[in-house]
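S.K.: This is the structure I have questions about; it appears just below.
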Amino acid sequence: MYASREDIGYDSGEDSKVRIKPVKTNTNIDGGWAWIIVLSSFLVHILIMGSQMALGILNMEWLEEFNQSHGLTAWVSSLSMGITLIVGPFIGLFISMCGCRKTAIIGGILNALGWILSAYASDVYYLFLTFGVTAGVGSGMVYLPAVVMVGQYFQKRRALAQGLSTTGTGFGAFLMTALLKYLCIEFGWRNAMFIQGAISLNLCVCGTLMRPLSPKDVVSKKYVLRSNSEDNQAKALPHSAETVKSNGVLSEEAEKKEAATNEEVLDNVQPIEIGSKSRNGRNMCELHILKTARQLTVTVRKGFAIWYSSYFGAASLFTNRVFVAFIIWALFAYSSFVIPFIHLPEIVKQYNLSSQNNIFPLTSVVAIVHIFGKVILGIISDLPCISTWNVFLMANFTLVTCILILPLMQTYVSLAVVCALIGFSSGYFSLMPVVTEDLVGTKHLANAYGIIICANGISALFGPPFAGWMYDITHKYDFSFYVSGLLYMVGIIFLFLQPCI
């Protein structure tokens, strides 16, 4: 919750004099520990999003190992990528109850466990559960806190901080592609997944770095009310407290103090009553269990109330026609981006370009240029004479054009050029928060962006299996690129025309 920037007023009489004095904000905001949070988020993007972009290497190994159809095998990668984004709104419930640090640590353990258990897979259905669901949910439990914490620690430099942290996706795709390829060649895919699981435990380290801000640090400014009259102070304090509570400011602190008072009473009164009846240690243990259960119940109810009001209280967003068009666009956009990452190794093998691709993988080309795309598109959109919305749409048109012409490229050089354009134009992902804020406003930004990310997750969930299914029918990936590209184009045109309707 954020403090209102408006001054808190109250009736204090004609002779009263009120001075409003701002208290200095915490030095960690926009500096200090905030840059450690950026580093933590950067590493999370490398270990999670980068690893997922390199799953095409493992997809080839699974095809050879289990001898299943391309469509069925692709579900393993798509489940992991899709669930990571789809569970975002629901992970908010854990953040409300446990905080970002604990949620990220639990997610890191779950992600590593998914990788390690997948090393013992006997079929693709086993991988659905261990890698698709377990590792996917664990990834979501780390990814969302990494994004949220950067937003909490930055105000003036929030765009710069988010941009720096998300470049970890490009670095990760490049590094993890090379790493997984080396591990698979040297140790086999099972040992490669086991080693990757051990590496993923570093997500727990990233989680421990997500030091929570105290409630007083979350508020950008605090106001101290002073008066020359003691009577006015007596009138002002209750009134200001009521005003602050009604605005949602510091109400959490008041609830914590109230809960602490209740616990003190429970500590002081109940032991006396029990002691008067029986000083048996068993009764004290039962009392402690009851207190713990009560605290847990209060925490769960409070966290669920915050989560429910945040996401299900944002129904007004769907009255915005442009935002609804934005959701429809998101349902088609992400699949066109992830399909090349999952199936490019197979396409290269089909065109007998493996020797050249081994020297410098095409997925690495996409990953490296993707980093520059995010930075350059961000700089262009910040120019005063340039519209962010227009840059966003042009990048989308470029990306969908590349998706449609990629099947026509059958040499390594031509594929590398198209992949470079895909990497650069996909840098529009860094503009999504800005475009979302322009559509719905700052107040609904978190909820709206969560919905968009969830829609992207659904797109990632069904994209790669569809491409694999089309390959099983036609023995080519061409048709899947054409269909996904045309659906993506429809989404872009609908988004382009909606403001004019």
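Each chain in the structure tokens gets a letter, A, B, ..., in the order shown, and its residues are numbered from 1; ligands are numbered from 1 in order too.
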With a cut-off of 12 Å, could you pull out the residues of segment 113-192 of chain A touching segment 358-365 of chain A and give me the nearest pair of atoms for each, distance in Å to one decimal, using only C-alpha atoms, ordered by chain and ascending number, as a tab-separated table?
M.R.:
residue	atom	partner	partner_atom	distance
A:Thr169	CA	A:Ser364	CA	11.4
A:Gly170	CA	A:Ser364	CA	8.5
A:Phe171	CA	A:Ser364	CA	9.0
A:Gly172	CA	A:Ser364	CA	9.6
A:Ala173	CA	A:Ser364	CA	6.6
A:Phe174	CA	A:Ser364	CA	4.7
A:Leu175	CA	A:Ser364	CA	8.1
A:Met176	CA	A:Ser364	CA	9.3
A:Thr177	CA	A:Ser364	CA	7.0
A:Ala178	CA	A:Ser364	CA	8.2
A:Leu179	CA	A:Ser364	CA	11.5
A:Lys181	CA	A:Asn358	CA	9.2
A:Tyr182	CA	A:Asn358	CA	10.6
A:Ile185	CA	A:Asn358	CA	11.6
S.K.: Would you mind listing what lies within 6 Å of segment 335-352 of chain A as a tab-separated table (two decimals) with N, CA, C and O atoms, in the first residue's frame, with only C-alpha atoms counted and same-chain residues fewer than 3 positions away left out?
M.R.:
chain	number	residue	atom	x	y	z
A	53	MET	N	14.19	-20.88	-22.35
A	53	MET	CA	14.45	-20.59	-23.75
A	53	MET	C	15.44	-21.58	-24.38
A	53	MET	O	15.56	-21.64	-25.60
A	56	GLY	N	14.87	-26.31	-26.14
A	56	GLY	CA	14.92	-26.99	-27.42
A	56	GLY	C	15.99	-28.08	-27.45
A	56	GLY	O	15.83	-29.11	-28.13
A	459	SER	N	-0.78	-18.67	-23.94
A	459	SER	CA	-0.23	-18.71	-25.29
A	459	SER	C	0.98	-19.63	-25.37
A	459	SER	O	1.12	-20.44	-26.29
A	460	ALA	N	1.88	-19.51	-24.38
A	460	ALA	CA	3.08	-20.36	-24.36
A	460	ALA	C	2.73	-21.81	-24.10
A	460	ALA	O	3.44	-22.72	-24.54
A	463	GLY	N	1.24	-23.16	-27.71
A	463	GLY	CA	1.98	-22.92	-28.94
A	463	GLY	C	2.88	-24.07	-29.38
A	463	GLY	O	2.71	-24.64	-30.47
A	464	PRO	N	3.88	-24.46	-28.57
A	464	PRO	CA	4.79	-25.54	-28.98
A	464	PRO	C	4.10	-26.88	-29.26
A	464	PRO	O	4.45	-27.55	-30.23
A	484	SER	N	0.31	-19.86	-36.68
A	484	SER	CA	0.56	-19.02	-35.50
A	484	SER	C	0.83	-17.58	-35.91
A	484	SER	O	0.40	-16.63	-35.23
S.K.: Pick out the residues sitting within 9 Å of Val87 of chain A, and hand them over as an NGL selection string; count only C-alpha atoms, and ignore anything fewer than 5 positions along from it in its own chain.
M.R.: :A and (82 or 92 or 136-137 or 140-141 or 454 or 457)
S.K.: For a test of reading the model, state the distance in Å between atom CA of Gly50 of chain A and atom CA of Gly163 of chain A, rounded to one decimal.
M.R.: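 Going from atom CA of Gly50 of chain A over to atom CA of Gly163 of chain A, I get 15.5 Å.
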S.K.: List the spatial neighbours of segment 196-200 of chain A as a list in words - criterion: any atom at most 6 Å away, only C-alpha atoms, same-chain residues fewer than 6 positions off excluded.
M.R.: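 In the requested form, the answer reads Ala112, Trp115 and Ile116 of chain A.
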S.K.: Name all residues at most 7 Å from Ala192 of chain A (count only C-alpha atoms; drop same-chain ones fewer than 6 positions away) and give them as a PDB file with all heavy atoms, in the first residue's frame.
M.R.:
ATOM      1  N   LEU A 180      23.592 -26.355 -21.441  1.00  0.00           N
ATOM      2  CA  LEU A 180      22.826 -27.592 -21.582  1.00  0.00           C
ATOM      3  C   LEU A 180      23.353 -28.448 -22.741  1.00  0.00           C
ATOM      4  O   LEU A 180      23.368 -29.680 -22.649  1.00  0.00           O
ATOM      5  CB  LEU A 180      21.344 -27.270 -21.788  1.00  0.00           C
ATOM      6  CG  LEU A 180      20.562 -26.831 -20.545  1.00  0.00           C
ATOM      7  CD1 LEU A 180      19.134 -26.451 -20.912  1.00  0.00           C
ATOM      8  CD2 LEU A 180      20.557 -27.942 -19.498  1.00  0.00           C
ATOM      9  N   LEU A 183      26.541 -30.123 -21.438  1.00  0.00           N
ATOM     10  CA  LEU A 183      26.245 -31.152 -20.444  1.00  0.00           C
ATOM     11  C   LEU A 183      25.624 -32.388 -21.088  1.00  0.00           C
ATOM     12  O   LEU A 183      25.922 -33.526 -20.691  1.00  0.00           O
ATOM     13  CB  LEU A 183      25.302 -30.589 -19.369  1.00  0.00           C
ATOM     14  CG  LEU A 183      25.879 -29.510 -18.451  1.00  0.00           C
ATOM     15  CD1 LEU A 183      24.810 -28.988 -17.501  1.00  0.00           C
ATOM     16  CD2 LEU A 183      27.069 -30.042 -17.663  1.00  0.00           C
ATOM     17  N   CYS A 184      24.742 -32.168 -22.066  1.00  0.00           N
ATOM     18  CA  CYS A 184      24.115 -33.304 -22.743  1.00  0.00           C
ATOM     19  C   CYS A 184      25.136 -34.124 -23.525  1.00  0.00           C
ATOM     20  O   CYS A 184      25.062 -35.360 -23.555  1.00  0.00           O
ATOM     21  CB  CYS A 184      23.005 -32.821 -23.673  1.00  0.00           C
ATOM     22  SG  CYS A 184      21.512 -32.249 -22.821  1.00  0.00           S
TER      23      CYS A 184
END
S.K.: Nearest residue to Tyr334 of chain A out of A:Leu287, A:Ile453, A:Met394, A:Val369, using only C-alpha atoms?
M.R.: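 Looking at the shortest contact to Tyr334 of chain A, the residue is A:Ile453.
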S.K.: What is the atom CA of Gly132 of chain A-atom CA of Val366 of chain A distance in Å, reported with one decimal?
M.R.: 23.8 Å
